[in-house]
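Inspection log for the structure reproduced underneath, given as structure tokens.
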Amino acid sequence: MKALVLYHSEEFGNTAKMAEAVAEGLREGGLEVDTHNTLDGHFPINEFAGNDCAAFGSPDYYSYVAGALKTFMDDHYIARVRKGVKNLQGKPYALFYSHGGGGRVVTAMTSLFKHVGTQVGEPVDSYLAPNAGVLEECRALGKELTEACK
Ligand SMILES: Cc1cc2nc3c(=O)[nH]c(=O)nc-3n(C[C@H](O)[C@H](O)[C@H](O)COP(=O)(O)O)c2cc1C
């Protein structure tokens with residue numbers, strides 16, 4: 001079974017630390033995991049089809065998701081609806097985000113990523129850098145996603 005952890009992290013690496021903890025939880029559950037920071041480049045939507053489940057992480061940018069993650073969901077719609085690419089939906093997925101004291105990004109994330117499949121667990125949030133407790137929540141979310149994926 002394969003999982004994708006797709007996230008954006010640019011300012012301090014806060015969301016990247018959360019992504020790594022989610023990936024650890026998934027790997028502990030026996031999944032093969034790819035992690036991708038959209039800061040490093042565009043994620044090809046066709047590659048998403050090969051994953052059994054996914055976790056998505058964003059910083060709060062103006063109470064919305066980072067632009068590159070919105071692009072991923074734009075690509076998802078076009079590939080699925082206009083190009084007929086299969087296996088882009090019906091996947092269990094989990095959400096995590098970091099913020100600077102607002103955190104309203106969760107509303108946009110919940111609304112956008114629902115097109116991927118069924119949300120697992122509650123979104124994990126971090127006020128700026130994730131502390132040990134938040135990282136443990138991220139690992140637990142990864143494990144919960146593993147169970148939903150099997
Ligand atoms: C362009 C920009 C817009 C932001 N807007 C918000 C916001 O509306 N609400 C909030 O709580 N934090 C906001 N922040 C703070 C980031 O969400 C926060 O610093 C986050 O932890 C950065 O994650 P990263 O280190 O993974 O890039 C913003 C940061 C940037 C760069």
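FYI, nothing fancy with the structure tokens labels: chains A, B, ... in order, residues from 1 per chain, ligands from 1 as they appear.
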
Return as JSON lines the residues of segment 10-64 of chain A lying at most 7 Å from segment 77-92 of chain A, together with the closest atom-to-atom pair for each and the distance in Å to one decimal, counting only C-alpha atoms, with rows in chain order and ascending residue number.
{"residue": "A:Phe48", "atom": "CA", "partner": "A:Leu88", "partner_atom": "CA", "distance": 6.6}
{"residue": "A:Ala49", "atom": "CA", "partner": "A:Asn87", "partner_atom": "CA", "distance": 4.9}
{"residue": "A:Asp52", "atom": "CA", "partner": "A:Lys91", "partner_atom": "CA", "distance": 6.2}
{"residue": "A:Cys53", "atom": "CA", "partner": "A:Pro92", "partner_atom": "CA", "distance": 5.1}
{"residue": "A:Ala54", "atom": "CA", "partner": "A:Pro92", "partner_atom": "CA", "distance": 6.7}

Worksheet entry | Surrounding residues of Met73 of chain A excluding itself and chain neighbours under 3 positions, 12 Å, only C-alpha atoms, as JSON, numbers by chain | {"A": [6, 42, 43, 44, 45, 48, 56, 65, 66, 67, 68, 69, 70, 76, 77, 78, 79, 80, 81, 88, 89, 108, 109, 111, 112, 113, 114, 115, 116]}

Write the residues you've just listed into a file as a short mmCIF file (atom, residue, chain, number, x, y, z; two decimals), in the first residue's frame, and include N, CA and C atoms for each of them.
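Listed below is the output, result_12.cif:
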data_model
loop_
_atom_site.label_atom_id
_atom_site.label_comp_id
_atom_site.auth_asym_id
_atom_site.auth_seq_id
_atom_site.Cartn_x
_atom_site.Cartn_y
_atom_site.Cartn_z
N LEU A 6 1.52 15.16 0.92
CA LEU A 6 1.72 16.33 0.07
C LEU A 6 1.49 17.58 0.92
N HIS A 42 6.09 21.38 -8.84
CA HIS A 42 4.73 20.94 -9.13
C HIS A 42 4.63 19.43 -8.94
N PHE A 43 3.57 18.96 -8.29
CA PHE A 43 3.37 17.52 -8.16
C PHE A 43 2.50 17.04 -9.33
N PRO A 44 2.99 16.09 -10.14
CA PRO A 44 2.22 15.63 -11.31
C PRO A 44 0.96 14.87 -10.87
N ILE A 45 -0.18 15.35 -11.28
CA ILE A 45 -1.45 14.81 -10.79
C ILE A 45 -1.61 13.33 -11.16
N PHE A 48 -0.72 10.84 -8.60
CA PHE A 48 -1.59 10.69 -7.42
C PHE A 48 -2.42 9.41 -7.52
N PHE A 56 -2.56 15.72 3.57
CA PHE A 56 -2.31 17.04 2.99
C PHE A 56 -2.03 18.04 4.11
N VAL A 65 -5.48 27.97 1.86
CA VAL A 65 -4.37 27.03 1.64
C VAL A 65 -3.31 27.70 0.77
N ALA A 66 -2.07 27.22 0.89
CA ALA A 66 -0.98 27.71 0.05
C ALA A 66 -1.34 27.48 -1.43
N GLY A 67 -0.97 28.43 -2.27
CA GLY A 67 -1.38 28.40 -3.67
C GLY A 67 -1.04 27.11 -4.40
N ALA A 68 0.12 26.55 -4.11
CA ALA A 68 0.54 25.34 -4.84
C ALA A 68 -0.35 24.15 -4.51
N LEU A 69 -0.93 24.14 -3.31
CA LEU A 69 -1.87 23.05 -2.97
C LEU A 69 -3.22 23.27 -3.64
N LYS A 70 -3.59 24.53 -3.79
CA LYS A 70 -4.81 24.84 -4.55
C LYS A 70 -4.61 24.39 -6.00
N HIS A 76 -6.43 18.30 -10.13
CA HIS A 76 -7.22 17.11 -9.79
C HIS A 76 -8.57 17.16 -10.50
N TYR A 77 -9.21 18.32 -10.45
CA TYR A 77 -10.51 18.48 -11.11
C TYR A 77 -10.38 18.30 -12.63
N ILE A 78 -9.39 18.98 -13.22
CA ILE A 78 -9.25 18.95 -14.68
C ILE A 78 -8.91 17.54 -15.16
N ALA A 79 -8.01 16.87 -14.42
CA ALA A 79 -7.63 15.50 -14.81
C ALA A 79 -8.82 14.55 -14.72
N ARG A 80 -9.56 14.69 -13.64
CA ARG A 80 -10.68 13.78 -13.34
C ARG A 80 -11.87 14.05 -14.26
N VAL A 81 -12.28 15.32 -14.33
CA VAL A 81 -13.53 15.66 -15.02
C VAL A 81 -13.33 15.87 -16.51
N LEU A 88 -8.46 8.87 -9.05
CA LEU A 88 -8.06 10.09 -8.34
C LEU A 88 -8.95 10.35 -7.14
N GLN A 89 -10.01 9.54 -6.99
CA GLN A 89 -10.97 9.77 -5.92
C GLN A 89 -11.17 8.50 -5.09
N ALA A 108 -11.08 26.05 4.49
CA ALA A 108 -10.77 25.88 3.06
C ALA A 108 -10.24 24.48 2.78
N MET A 109 -9.38 23.99 3.68
CA MET A 109 -8.80 22.65 3.46
C MET A 109 -9.90 21.59 3.45
N SER A 111 -13.00 21.91 2.77
CA SER A 111 -13.86 22.04 1.60
C SER A 111 -13.16 21.56 0.32
N LEU A 112 -11.89 21.90 0.16
CA LEU A 112 -11.17 21.54 -1.07
C LEU A 112 -10.87 20.05 -1.17
N PHE A 113 -10.30 19.49 -0.09
CA PHE A 113 -9.77 18.12 -0.19
C PHE A 113 -10.86 17.05 -0.11
N LYS A 114 -12.10 17.46 0.17
CA LYS A 114 -13.18 16.46 0.23
C LYS A 114 -13.38 15.78 -1.13
N HIS A 115 -12.90 16.42 -2.19
CA HIS A 115 -13.04 15.83 -3.53
C HIS A 115 -12.14 14.62 -3.73
N VAL A 116 -11.23 14.39 -2.77
CA VAL A 116 -10.28 13.27 -2.89
C VAL A 116 -10.88 11.97 -2.36
#

Worksheet entry | Residues flagged helix (DSSP H, G or I) by DSSP in chain A, as number ranges by chain | A: 14-28, 38-40, 45-48, 67-82, 105-116, 132-149

Worksheet item: Do you know which residues are within 9 Å of ligand 1 using only C-alpha atoms and all ligand atoms? Can you write them as a PyMOL selection string?
Response: chain A and resi 7-18+57-64+66+97-105+126-130

Selection from above, C-alpha atoms, as a compact mmCIF listing (two decimals), in the first residue's frame, can you write it?
# COMPACT_ATOMS: atom_id res chain seq x y z
CA TYR A 7 2.35 19.66 1.78
CA HIS A 8 3.66 23.17 1.38
CA SER A 9 6.29 24.55 3.74
CA GLU A 10 8.31 27.65 3.03
CA GLU A 11 8.60 30.14 5.88
CA PHE A 12 10.10 28.23 8.84
CA GLY A 13 9.68 24.54 8.01
CA ASN A 14 6.80 24.19 10.50
CA THR A 15 4.51 22.26 8.17
CA ALA A 16 7.46 20.15 6.94
CA LYS A 17 8.10 18.92 10.51
CA MET A 18 4.44 17.93 10.82
CA GLY A 57 -0.61 19.80 4.98
CA SER A 58 -0.65 23.55 4.52
CA PRO A 59 0.38 26.70 6.33
CA ASP A 60 -2.43 29.19 6.82
CA TYR A 61 -1.93 31.83 4.14
CA TYR A 62 -4.50 34.64 4.45
CA SER A 63 -6.95 32.11 5.94
CA TYR A 64 -6.55 29.93 2.85
CA ALA A 66 -0.98 27.71 0.05
CA TYR A 97 -1.86 22.66 9.12
CA SER A 98 0.25 25.28 10.83
CA HIS A 99 -0.68 28.89 11.45
CA GLY A 100 0.45 32.09 13.10
CA GLY A 101 -2.49 32.53 15.44
CA GLY A 102 -5.41 32.45 13.02
CA GLY A 103 -5.93 28.96 11.68
CA ARG A 104 -9.01 29.61 9.58
CA VAL A 105 -7.29 27.71 6.73
CA SER A 126 0.09 23.71 15.11
CA TYR A 127 0.60 27.27 16.28
CA LEU A 128 3.86 28.00 14.43
CA ALA A 129 6.52 25.33 15.23
CA PRO A 130 5.00 21.98 16.24

Practice prompt. Find the residues around Leu145 of chain A up to 12 Å (only C-alpha atoms counted), leave out those fewer than 4 positions away in its own chain, and share them as a ChimeraX atom specification.
Written response: /A:1-5,22-31,33,52-56,91-95,118-123,138-141,149-150

Worksheet item: In terms of the shortest atom-to-atom distance over only C-alpha atoms, which of A:Glu32, A:Phe96, A:Asp75, A:Gly50 is closest to Val134 of chain A?
Response: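 Of A:Glu32, A:Phe96, A:Asp75, A:Gly50, the one nearest Val134 of chain A is A:Phe96, counting only C-alpha atoms.
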
Worksheet item: Could you work out how far atom CA of Thr35 of chain A lies from atom CA of Asp125 of chain A, giving the answer in Å with one decimal?
Response: 18.6 Å
